[in-house]
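Colleague: Below you'll find final.txt; it's compact mmCIF, C-alpha atoms.
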```txt
# COMPACT_ATOMS: atom_id res chain seq x y z
CA MET N 1 0.00 0.00 0.00
CA LYS N 2 1.66 3.10 -1.32
CA LEU N 3 0.59 5.60 1.37
CA MET N 4 1.74 3.25 4.15
CA GLU N 5 5.16 2.89 2.56
CA GLU N 6 5.41 6.66 2.08
CA LYS N 7 4.54 7.33 5.73
CA ILE N 8 7.11 4.77 6.89
CA LEU N 9 9.79 6.38 4.73
CA GLN N 10 8.85 9.92 5.80
CA GLU N 11 8.13 9.44 9.51
CA GLY N 12 9.27 5.98 10.60
CA GLN N 13 12.29 5.94 12.91
CA VAL N 14 14.57 2.92 12.95
CA LEU N 15 15.56 2.80 16.62
CA SER N 16 17.51 -0.47 16.40
CA ALA N 17 17.91 -3.48 14.13
CA ASP N 18 14.47 -4.67 15.24
CA ILE N 19 12.50 -1.59 16.31
CA LEU N 20 10.69 0.73 13.92
CA LYS N 21 8.88 3.60 15.63
CA VAL N 22 5.67 4.62 13.88
CA GLY N 23 4.02 6.48 16.75
CA SER N 24 3.46 9.62 14.71
CA PHE N 25 1.01 8.02 12.29
CA LEU N 26 0.02 4.49 13.32
CA ASN N 27 0.30 3.35 16.88
CA GLN N 28 -0.02 6.32 19.19
CA ASN N 29 -0.96 9.23 17.01
CA ILE N 30 -3.13 7.89 14.21
CA ASP N 31 -3.20 9.60 10.82
CA ILE N 32 -6.85 9.39 9.98
CA LYS N 33 -6.41 9.50 6.19
CA LEU N 34 -4.00 6.59 6.46
CA LEU N 35 -6.43 4.73 8.73
CA ALA N 36 -9.23 5.16 6.20
CA GLN N 37 -7.01 3.74 3.44
CA ILE N 38 -5.96 0.85 5.67
CA ALA N 39 -9.64 0.02 6.21
CA ASP N 40 -10.35 0.22 2.48
CA GLU N 41 -7.41 -2.04 1.68
CA ILE N 42 -8.27 -4.67 4.29
CA ALA N 43 -11.88 -4.65 3.04
CA ARG N 44 -10.63 -5.06 -0.55
CA LEU N 45 -8.39 -7.99 0.43
CA PHE N 46 -10.82 -9.84 2.69
CA GLY N 47 -14.23 -8.54 1.60
CA ASP N 48 -15.08 -11.89 -0.02
CA CYS N 49 -14.42 -13.95 3.14
CA ASP N 50 -17.72 -13.52 5.01
CA VAL N 51 -15.84 -12.30 8.07
CA THR N 52 -18.06 -12.21 11.16
CA LYS N 53 -15.42 -11.11 13.67
CA ILE N 54 -12.24 -9.08 13.53
CA LEU N 55 -9.93 -10.06 16.38
CA THR N 56 -6.96 -8.02 17.57
CA ILE N 57 -4.89 -7.44 20.74
CA GLU N 58 -5.01 -4.27 22.82
CA ALA N 59 -3.94 -1.57 22.40
CA SER N 60 -2.39 -0.57 19.09
CA GLY N 61 -4.37 -3.00 16.93
CA ILE N 62 -7.72 -1.61 18.04
CA ALA N 63 -7.94 1.46 15.80
CA ILE N 64 -7.07 -0.61 12.72
CA ALA N 65 -9.55 -3.32 13.66
CA ALA N 66 -12.30 -0.76 14.34
CA ALA N 67 -11.72 1.00 11.02
CA ALA N 68 -11.69 -2.29 9.10
CA GLY N 69 -14.76 -3.52 10.99
CA MET N 70 -16.73 -0.40 10.10
CA LYS N 71 -15.79 -0.80 6.45
CA MET N 72 -16.57 -4.53 6.36
CA GLY N 73 -19.58 -4.55 8.67
CA ALA N 74 -17.98 -7.07 11.02
CA ASP N 75 -17.89 -6.78 14.81
CA VAL N 76 -14.52 -6.18 16.44
CA LEU N 77 -13.13 -8.03 19.45
CA PHE N 78 -9.93 -7.21 21.23
CA ALA N 79 -8.02 -9.67 23.37
CA LYS N 80 -6.76 -8.27 26.64
CA LYS N 81 -3.27 -8.59 28.03
CA HIS N 82 -2.81 -9.66 31.63
CA ARG N 83 0.39 -10.04 33.56
CA THR N 84 -1.01 -12.71 35.80
CA SER N 85 -2.15 -16.15 34.81
CA ASN N 86 -5.05 -15.86 37.23
CA VAL N 87 -7.87 -16.07 34.70
CA ASP N 88 -11.20 -17.73 35.26
CA GLY N 89 -12.98 -20.36 33.18
CA ALA N 90 -15.07 -17.85 31.28
CA VAL N 91 -12.20 -16.93 28.97
CA TYR N 92 -9.96 -18.44 26.32
CA SER N 93 -6.40 -17.76 27.35
CA THR N 94 -2.94 -18.15 25.87
CA THR N 95 0.58 -17.07 26.78
CA VAL N 96 2.57 -14.72 24.55
CA HIS N 97 6.17 -13.69 24.91
CA SER N 98 6.63 -9.97 24.33
CA PHE N 99 9.54 -9.24 22.07
CA THR N 100 9.50 -5.54 23.02
CA HIS N 101 9.25 -5.93 26.80
CA GLY N 102 11.08 -9.23 27.28
CA GLU N 103 8.35 -10.85 29.37
CA ASP N 104 5.46 -13.27 29.08
CA TYR N 105 1.88 -12.14 29.39
CA ASN N 106 -1.49 -13.80 29.15
CA VAL N 107 -3.85 -12.90 26.35
CA VAL N 108 -7.52 -13.54 27.00
CA VAL N 109 -10.92 -13.15 25.37
CA SER N 110 -14.28 -13.92 26.90
CA LYS N 111 -15.84 -17.15 25.64
CA ASP N 112 -19.07 -15.17 25.24
CA TYR N 113 -17.59 -13.09 22.43
CA LEU N 114 -15.84 -15.68 20.25
CA LYS N 115 -17.97 -18.54 18.98
CA SER N 116 -17.41 -21.71 16.96
CA THR N 117 -19.61 -20.23 14.24
CA ASP N 118 -17.36 -17.17 13.81
CA ARG N 119 -15.27 -16.57 10.71
CA VAL N 120 -12.35 -14.62 12.10
CA LEU N 121 -9.99 -12.10 10.52
CA LEU N 122 -6.96 -11.34 12.69
CA VAL N 123 -5.65 -7.79 12.52
CA ASP N 124 -2.57 -6.19 14.06
CA ASP N 125 -0.30 -3.22 13.54
CA PHE N 126 2.96 -5.18 13.38
CA LEU N 127 4.11 -8.68 12.54
CA ALA N 128 7.65 -9.26 13.73
CA ASN N 129 8.43 -12.66 15.24
CA GLY N 130 4.82 -13.84 15.08
CA LYS N 131 4.37 -14.58 18.80
CA ALA N 132 1.30 -12.37 19.23
CA LEU N 133 -0.23 -13.76 16.05
CA THR N 134 0.38 -17.35 17.18
CA GLY N 135 -1.40 -16.46 20.43
CA LEU N 136 -4.41 -15.03 18.61
CA MET N 137 -4.57 -18.14 16.38
CA ASP N 138 -4.54 -20.27 19.51
CA LEU N 139 -7.56 -18.34 20.84
CA VAL N 140 -9.40 -18.88 17.53
CA ASP N 141 -8.57 -22.62 17.73
CA GLN N 142 -9.77 -22.86 21.32
CA ALA N 143 -13.09 -21.31 20.29
CA GLY N 144 -13.41 -23.76 17.40
CA ALA N 145 -13.86 -20.75 15.11
CA GLU N 146 -12.58 -20.51 11.56
CA LEU N 147 -9.53 -18.40 10.75
CA VAL N 148 -10.14 -16.82 7.36
CA GLY N 149 -7.06 -14.63 7.22
CA VAL N 150 -4.63 -12.21 8.78
CA ALA N 151 -4.22 -8.52 7.94
CA ILE N 152 -1.07 -6.78 9.15
CA ALA N 153 -0.26 -3.10 8.74
CA ILE N 154 3.53 -3.49 8.79
CA GLU N 155 5.34 -6.81 8.41
CA LYS N 156 9.01 -7.13 9.19
CA CYS N 157 9.59 -9.67 6.41
CA PHE N 158 13.22 -10.12 7.40
CA THR N 159 12.24 -12.18 10.43
CA GLY N 160 10.74 -14.86 8.18
CA ALA N 161 7.77 -15.29 10.54
CA GLY N 162 5.18 -14.07 8.04
CA ASP N 163 6.43 -16.40 5.30
CA LYS N 164 6.29 -19.34 7.73
CA PHE N 165 2.60 -18.65 8.31
CA ARG N 166 2.04 -18.37 4.55
CA ALA N 167 3.83 -21.68 4.00
CA GLN N 168 1.40 -23.22 6.50
CA GLY N 169 -1.47 -22.05 4.31
CA VAL N 170 -2.51 -18.98 6.28
CA ARG N 171 -3.86 -16.20 4.08
CA LEU N 172 -1.68 -13.43 5.44
CA GLU N 173 -1.65 -10.00 3.83
CA SER N 174 0.56 -7.11 4.88
CA LEU N 175 0.05 -3.54 3.79
CA ALA N 176 3.77 -2.85 3.95
CA CYS N 177 6.51 -5.51 3.97
CA ILE N 178 9.91 -4.40 5.21
CA GLU N 179 12.69 -6.46 3.68
CA SER N 180 15.45 -4.63 5.55
CA MET N 181 15.85 -1.53 7.67
CA THR N 182 18.66 0.58 8.99
CA GLU N 183 18.63 4.24 9.94
CA GLY N 184 17.90 6.20 6.77
CA ASN N 185 17.44 3.10 4.62
CA ILE N 186 14.23 1.10 4.66
CA VAL N 187 13.68 -1.37 1.82
CA PHE N 188 10.28 -2.83 1.02
CA ARG N 189 9.59 -6.18 -0.57
CA ALA N 190 8.93 -5.67 -4.27
CA MET V 1 -28.76 8.15 21.71
CA LYS V 2 -31.51 5.62 21.38
CA LEU V 3 -29.48 2.61 20.14
CA MET V 4 -26.95 3.04 22.97
CA GLU V 5 -29.71 3.06 25.58
CA GLU V 6 -31.32 0.01 23.98
CA LYS V 7 -28.03 -1.91 24.01
CA ILE V 8 -27.43 -1.00 27.66
CA LEU V 9 -30.92 -2.19 28.61
CA GLN V 10 -30.63 -5.40 26.55
CA GLU V 11 -27.03 -6.41 27.22
CA GLY V 12 -25.60 -4.29 30.04
CA GLN V 13 -24.96 -6.14 33.28
CA VAL V 14 -25.06 -4.25 36.57
CA LEU V 15 -22.34 -6.06 38.54
CA SER V 16 -22.43 -3.75 41.57
CA ALA V 17 -23.69 -0.32 42.56
CA ASP V 18 -20.87 1.21 40.50
CA ILE V 19 -20.00 -1.30 37.79
CA LEU V 20 -21.88 -1.70 34.52
CA LYS V 21 -20.46 -4.37 32.23
CA VAL V 22 -20.83 -3.53 28.54
CA GLY V 23 -18.19 -5.90 27.14
CA SER V 24 -20.59 -7.52 24.70
CA PHE V 25 -21.10 -4.38 22.61
CA LEU V 26 -18.76 -1.55 23.62
CA ASN V 27 -15.53 -2.23 25.41
CA GLN V 28 -14.30 -5.66 24.50
CA ASN V 29 -16.58 -6.90 21.79
CA ILE V 30 -17.60 -3.91 19.71
CA ASP V 31 -20.95 -3.85 17.92
CA ILE V 32 -19.99 -2.23 14.67
CA LYS V 33 -23.45 -0.81 13.89
CA LEU V 34 -23.42 0.86 17.29
CA LEU V 35 -19.90 2.14 16.70
CA ALA V 36 -20.93 3.71 13.40
CA GLN V 37 -23.85 5.48 15.11
CA ILE V 38 -21.56 6.66 17.92
CA ALA V 39 -19.25 8.19 15.31
CA ASP V 40 -22.17 9.87 13.54
CA GLU V 41 -23.50 11.28 16.80
CA ILE V 42 -20.12 12.63 17.97
CA ALA V 43 -19.61 14.21 14.55
CA ARG V 44 -23.08 15.77 14.74
CA LEU V 45 -22.40 17.18 18.23
CA PHE V 46 -18.88 18.47 17.62
CA GLY V 47 -18.67 18.83 13.84
CA ASP V 48 -18.70 22.63 14.14
CA CYS V 49 -15.72 22.81 16.51
CA ASP V 50 -12.81 22.56 14.05
CA VAL V 51 -11.38 19.64 16.01
CA THR V 52 -7.79 18.84 14.99
CA LYS V 53 -7.13 16.03 17.46
CA ILE V 54 -9.25 13.45 19.24
CA LEU V 55 -7.56 12.36 22.45
CA THR V 56 -8.46 9.23 24.42
CA ILE V 57 -6.85 6.76 26.85
CA GLU V 58 -5.94 3.20 25.97
CA ALA V 59 -7.56 0.76 25.59
CA SER V 60 -11.32 0.92 25.49
CA GLY V 61 -11.59 4.51 24.24
CA ILE V 62 -9.57 3.81 21.11
CA ALA V 63 -12.27 2.25 18.93
CA ILE V 64 -14.67 5.10 19.67
CA ALA V 65 -11.99 7.72 19.02
CA ALA V 66 -10.95 6.04 15.76
CA ALA V 67 -14.52 5.84 14.52
CA ALA V 68 -15.22 9.47 15.43
CA GLY V 69 -11.90 10.57 13.91
CA MET V 70 -12.70 8.90 10.60
CA LYS V 71 -16.11 10.54 10.52
CA MET V 72 -14.76 13.99 11.48
CA GLY V 73 -11.45 13.86 9.59
CA ALA V 74 -9.43 14.50 12.75
CA ASP V 75 -6.34 12.56 13.80
CA VAL V 76 -6.60 10.37 16.87
CA LEU V 77 -4.14 10.20 19.74
CA PHE V 78 -4.27 7.80 22.62
CA ALA V 79 -2.57 8.40 25.94
CA LYS V 80 -0.75 5.40 27.34
CA LYS V 81 -1.02 4.04 30.85
CA HIS V 82 2.15 3.23 32.75
CA ARG V 83 2.50 1.77 36.19
CA THR V 84 5.79 3.47 36.83
CA SER V 85 6.45 7.17 37.08
CA ASN V 86 9.70 6.69 35.19
CA VAL V 87 8.83 8.79 32.16
CA ASP V 88 11.26 10.94 30.23
CA GLY V 89 11.03 14.62 29.27
CA ALA V 90 9.63 13.93 25.84
CA VAL V 91 6.14 13.32 27.20
CA TYR V 92 3.35 15.11 29.00
CA SER V 93 2.45 13.04 32.03
CA THR V 94 -0.22 13.03 34.71
CA THR V 95 -1.32 10.67 37.48
CA VAL V 96 -4.76 9.10 37.51
CA HIS V 97 -6.34 7.01 40.22
CA SER V 98 -8.13 3.99 38.81
CA PHE V 99 -11.55 3.52 40.29
CA THR V 100 -11.80 -0.03 38.91
CA HIS V 101 -8.36 -1.29 39.96
CA GLY V 102 -7.79 0.77 43.10
CA GLU V 103 -4.34 1.99 42.10
CA ASP V 104 -2.61 5.03 40.63
CA TYR V 105 -1.10 4.98 37.19
CA ASN V 106 0.67 7.47 34.98
CA VAL V 107 -0.93 8.62 31.77
CA VAL V 108 1.41 9.95 29.10
CA VAL V 109 1.41 11.31 25.58
CA SER V 110 4.41 12.28 23.51
CA LYS V 111 4.98 16.02 23.24
CA ASP V 112 5.47 15.47 19.52
CA TYR V 113 1.83 14.50 19.04
CA LEU V 114 -0.05 17.14 21.02
CA LYS V 115 0.64 20.77 20.12
CA SER V 116 -0.40 24.19 21.40
CA THR V 117 -2.18 24.75 18.09
CA ASP V 118 -4.40 21.69 18.54
CA ARG V 119 -8.13 21.93 19.14
CA VAL V 120 -8.82 18.81 21.16
CA LEU V 121 -11.92 16.70 21.61
CA LEU V 122 -11.63 14.21 24.48
CA VAL V 123 -13.39 10.88 23.98
CA ASP V 124 -13.90 7.96 26.33
CA ASP V 125 -16.20 5.00 26.80
CA PHE V 126 -17.21 5.79 30.40
CA LEU V 127 -17.41 8.79 32.66
CA ALA V 128 -17.79 7.75 36.28
CA ASN V 129 -15.88 9.77 38.88
CA GLY V 130 -14.07 11.88 36.27
CA LYS V 131 -10.51 10.98 37.31
CA ALA V 132 -9.42 9.82 33.85
CA LEU V 133 -11.05 12.84 32.23
CA THR V 134 -9.32 15.22 34.65
CA GLY V 135 -6.04 13.55 33.71
CA LEU V 136 -6.66 14.01 30.00
CA MET V 137 -7.59 17.67 30.57
CA ASP V 138 -4.32 18.11 32.43
CA LEU V 139 -2.41 16.75 29.40
CA VAL V 140 -4.26 19.20 27.12
CA ASP V 141 -3.37 22.05 29.53
CA GLN V 142 0.29 21.03 29.66
CA ALA V 143 0.42 21.13 25.87
CA GLY V 144 -1.20 24.57 25.83
CA ALA V 145 -3.82 23.15 23.46
CA GLU V 146 -7.47 24.14 23.43
CA LEU V 147 -10.10 21.80 24.83
CA VAL V 148 -13.18 22.14 22.64
CA GLY V 149 -15.28 19.44 24.25
CA VAL V 150 -15.72 15.99 25.70
CA ALA V 151 -17.70 13.11 24.17
CA ILE V 152 -18.55 10.19 26.45
CA ALA V 153 -20.33 7.02 25.39
CA ILE V 154 -21.85 6.23 28.81
CA GLU V 155 -22.00 8.68 31.68
CA LYS V 156 -22.88 7.56 35.18
CA CYS V 157 -24.77 10.78 35.98
CA PHE V 158 -25.38 9.65 39.54
CA THR V 159 -21.77 10.36 40.50
CA GLY V 160 -22.26 14.06 39.76
CA ALA V 161 -18.83 14.26 38.10
CA GLY V 162 -20.16 15.07 34.64
CA ASP V 163 -22.35 17.87 35.94
CA LYS V 164 -19.39 19.35 37.81
CA PHE V 165 -17.46 19.58 34.55
CA ARG V 166 -20.50 21.16 32.85
CA ALA V 167 -20.79 23.70 35.68
CA GLN V 168 -17.15 24.61 35.01
CA GLY V 169 -18.08 25.42 31.42
CA VAL V 170 -16.83 22.23 29.76
CA ARG V 171 -18.89 21.23 26.75
CA LEU V 172 -19.52 17.64 27.78
CA GLU V 173 -21.90 15.44 25.82
CA SER V 174 -22.79 11.88 26.75
CA LEU V 175 -24.54 9.46 24.41
CA ALA V 176 -26.25 7.74 27.32
CA CYS V 177 -26.66 9.20 30.83
CA ILE V 178 -27.45 6.72 33.57
CA GLU V 179 -29.39 8.34 36.41
CA SER V 180 -29.55 5.17 38.48
CA MET V 181 -28.81 1.48 38.07
CA THR V 182 -29.57 -1.70 39.92
CA GLU V 183 -29.83 -5.23 38.57
CA GLY V 184 -32.74 -5.27 36.16
CA ASN V 185 -33.46 -1.56 36.51
CA ILE V 186 -31.43 1.04 34.66
CA VAL V 187 -32.89 4.55 34.47
CA PHE V 188 -31.63 7.13 31.98
CA ARG V 189 -31.68 10.88 32.40
CA ALA V 190 -34.70 12.26 30.56
```
Written as structure tokens, how would this file's structure read?

Modeller:
Amino acid sequence: MKLMEEKILQEGQVLSADILKVGSFLNQNIDIKLLAQIADEIARLFGDCDVTKILTIEASGIAIAAAAGMKMGADVLFAKKHRTSNVDGAVYSTTVHSFTHGEDYNVVVSKDYLKSTDRVLLVDDFLANGKALTGLMDLVDQAGAELVGVAIAIEKCFTGAGDKFRAQGVRLESLACIESMTEGNIVFRA
Amino acid sequence: MKLMEEKILQEGQVLSADILKVGSFLNQNIDIKLLAQIADEIARLFGDCDVTKILTIEASGIAIAAAAGMKMGADVLFAKKHRTSNVDGAVYSTTVHSFTHGEDYNVVVSKDYLKSTDRVLLVDDFLANGKALTGLMDLVDQAGAELVGVAIAIEKCFTGAGDKFRAQGVRLESLACIESMTEGNIVFRA
């Protein structure tokens, strides 16, 4: 998606070999024109999938999921992060290791809100090592729901995680795929 | 807003004298038809205010802010919650006492994303005792930005906090105002 790549080139800050800061337009301050285009693009890619539920993780996936949900007419559900494993039986729960914070946390959704009849599109702002995405897929599995696809705003292709999911047959679409990044030089997959 | 009141009556669960659970349609699972109407209503109420920035707090205000931002063409910014007070000089920071969790937390936004030229609309899912809202107002003050109004999905009028803000001259609009609530009996302000 051209506008996403332009914003990354103009405003993205490569803080380290692994960290790209996009707080000015995507995951703290949200450029609303970009968000509208993200929603249009996700709807174009997955509009034929009869999605009934868009699932994301708090907090930075929520705006993208909400925008896509409004465009596609599908309800949005966000999984919550908890530091403790003290969760009751009314939730599906999985453990995710945070790449950014170097710790494990529990990711939960209420069983009331994710059903075996749901056709689920997973949405997130970043795909790096795939741990969060694996956690969300686990929640979909636990619910017995159907995973119809994954929409990612920015994929760090160089980790290989996204291509592993694709090789497993997951329909995974990224709006920008970063092949390599260093300060002042970000290269997208052609 | 009629649909909001209907959803609260149909699906809201009064868990205690102070707690109304709306996870099935507003703050975990998000009913997308409701969200679209919320956006329309906020745009109708504040469309004449030249809003440049919609500010909310993670996590459950984000979907509402994103929907309203798309409708109004204003960028969205969400303040982050931190447990520690270890924040650097690049952020505006304030302390908020959480009513739900019984602890203080820091609420921060990057100085880069909130400017003295901004005309800010505050958005949140709930207004109960007003602590979070006071914190957001403090961030707006620190930035030297102009507060043009506050849009709340569900106000617990019985706390009196919303009316205090109104008496101070804040343009505060709630889409549903709960005058009283007990299990099986929720009364809205006429």

Colleague: With the cut-off set at 9 Å and counting all atoms listed in the file, tabulate each residue of chain V with an atom at most that distance from an atom of chain N, showing the nearest atom pair and its distance in Å to one decimal, ordered by chain and increasing number, as a Markdown table.

Modeller:
```
| residue | atom | partner | partner_atom | distance |
| --- | --- | --- | --- | --- |
| V:Gly23 | CA | N:Tyr113 | CA | 8.6 |
| V:Ser24 | CA | N:Tyr113 | CA | 6.7 |
| V:Phe25 | CA | N:Asp75 | CA | 8.8 |
| V:Asn27 | CA | N:Phe78 | CA | 8.6 |
| V:Gln28 | CA | N:Phe78 | CA | 5.7 |
| V:Asn29 | CA | N:Leu77 | CA | 4.3 |
| V:Ile30 | CA | N:Val76 | CA | 5.0 |
| V:Asp31 | CA | N:Asp75 | CA | 5.3 |
| V:Ile32 | CA | N:Asp75 | CA | 5.0 |
| V:Lys33 | CA | N:Gly73 | CA | 7.5 |
| V:Leu35 | CA | N:Met70 | CA | 7.7 |
| V:Ala36 | CA | N:Met70 | CA | 6.7 |
| V:Glu58 | CA | N:Ala59 | CA | 6.3 |
| V:Ala59 | CA | N:Ala59 | CA | 5.4 |
| V:Ser60 | CA | N:Ala59 | CA | 8.4 |
| V:Ile62 | CA | N:Ala63 | CA | 6.0 |
| V:Ala63 | CA | N:Ala63 | CA | 5.4 |
| V:Ile64 | CA | N:Ala66 | CA | 8.3 |
| V:Ala65 | CA | N:Ala63 | CA | 8.1 |
| V:Ala66 | CA | N:Ala63 | CA | 5.5 |
| V:Ala67 | CA | N:Ala67 | CA | 6.6 |
| V:Gly69 | CA | N:Ile32 | CA | 6.5 |
| V:Met70 | CA | N:Ile32 | CA | 5.9 |
| V:Gly73 | CA | N:Ile32 | CA | 6.4 |
| V:Ala74 | CA | N:Ile32 | CA | 6.4 |
| V:Asp75 | CA | N:Ile32 | CA | 5.0 |
| V:Val76 | CA | N:Ile30 | CA | 5.0 |
| V:Leu77 | CA | N:Asn29 | CA | 4.3 |
| V:Phe78 | CA | N:Gln28 | CA | 5.7 |
| V:Ala79 | CA | N:Gln28 | CA | 7.5 |
| V:Lys80 | CA | N:Gln28 | CA | 8.2 |
| V:Val109 | CA | N:Gln28 | CA | 8.2 |
| V:Ser110 | CA | N:Gln28 | CA | 8.6 |
| V:Asp112 | CA | N:Ser24 | CA | 7.8 |
| V:Tyr113 | CA | N:Asn29 | CA | 6.3 |
| V:Leu114 | CA | N:Asn29 | CA | 8.9 |
```

Colleague: How many Å separate CA of Lys2 (chain V) from CA of Thr182 (chain V)?

Modeller: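 Atom-to-atom, CA of Lys2 (chain V) and CA of Thr182 (chain V) are spaced 20.0 Å apart.
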
Colleague: So how far away is CA of Gly149 (chain N) from CA of Arg119 (chain N), in Å?

Modeller: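 Atom-to-atom, CA of Arg119 (chain N) to CA of Gly149 (chain N), that is 9.1 Å.
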
Colleague: Which residues are near Ala151 (chain N)? Cut-off 8 Å, all atoms listed in the file, ignore same chain within fewer than 6 positions. Put them as an MDAnalysis selection string.

Modeller: chainID N and resid 42 121:124 172:175

Colleague: Residues near region 125-134 of chain V, anyone? I mean within 6 Å using only C-alpha atoms, not counting same-chain ones fewer than 6 positions away, as a list in words.

Modeller: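 Here the qualifying residues turn out to be Gly61, Val96, Ile152, Ala153, Ile154, Glu155, Lys156 and Ala161 of chain V.
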
Colleague: Which one is closest to Phe46 (chain V): V:Val91, V:Leu147, V:Lys115, V:His82? Count only C-alpha atoms.

Modeller: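 Result for the nearest residue to Phe46 (chain V): V:Leu147.
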
Colleague: So how far away is CA of Asp141 (chain N) from CA of Asp18 (chain N), in Å?

Modeller: 29.3 Å

Colleague: Neighbouring residues of Val170 (chain V) were defined as those with any atom within 10 Å, considering all atoms listed in the file; residues of the same chain fewer than 5 positions away were excluded. Please report them as number ranges by chain.

Modeller: V: 147-150, 162-165

Colleague: Using all atoms listed in the file, can you tell me which of V:Ala145, V:Val187, V:Ala167, V:Met1 comes closest to Thr52 (chain V)?

Modeller: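 Counting all atoms listed in the file, the residue closest to Thr52 (chain V) is V:Ala145.
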
Colleague: Measuring atom to atom with all atoms listed in the file, identify which of N:Val51, N:Leu139, N:Met4, N:Val14 is nearest to Thr117 (chain N).

Modeller: N:Val51

Colleague: Ser16 (chain N): which residues within 9 Å, counting only C-alpha atoms, same-chain residues fewer than 3 positions away excluded, as a PDB file with C-alpha atoms, in the coordinates of the input?

Modeller:
```
ATOM      1  CA  GLN N  13      12.290   5.940  12.910  1.00  0.00           C
ATOM      2  CA  ILE N  19      12.500  -1.590  16.310  1.00  0.00           C
ATOM      3  CA  LEU N  20      10.690   0.730  13.920  1.00  0.00           C
ATOM      4  CA  MET N 181      15.850  -1.530   7.670  1.00  0.00           C
ATOM      5  CA  THR N 182      18.660   0.580   8.990  1.00  0.00           C
ATOM      6  CA  GLU N 183      18.630   4.240   9.940  1.00  0.00           C
TER       7      GLU N 183
END
```
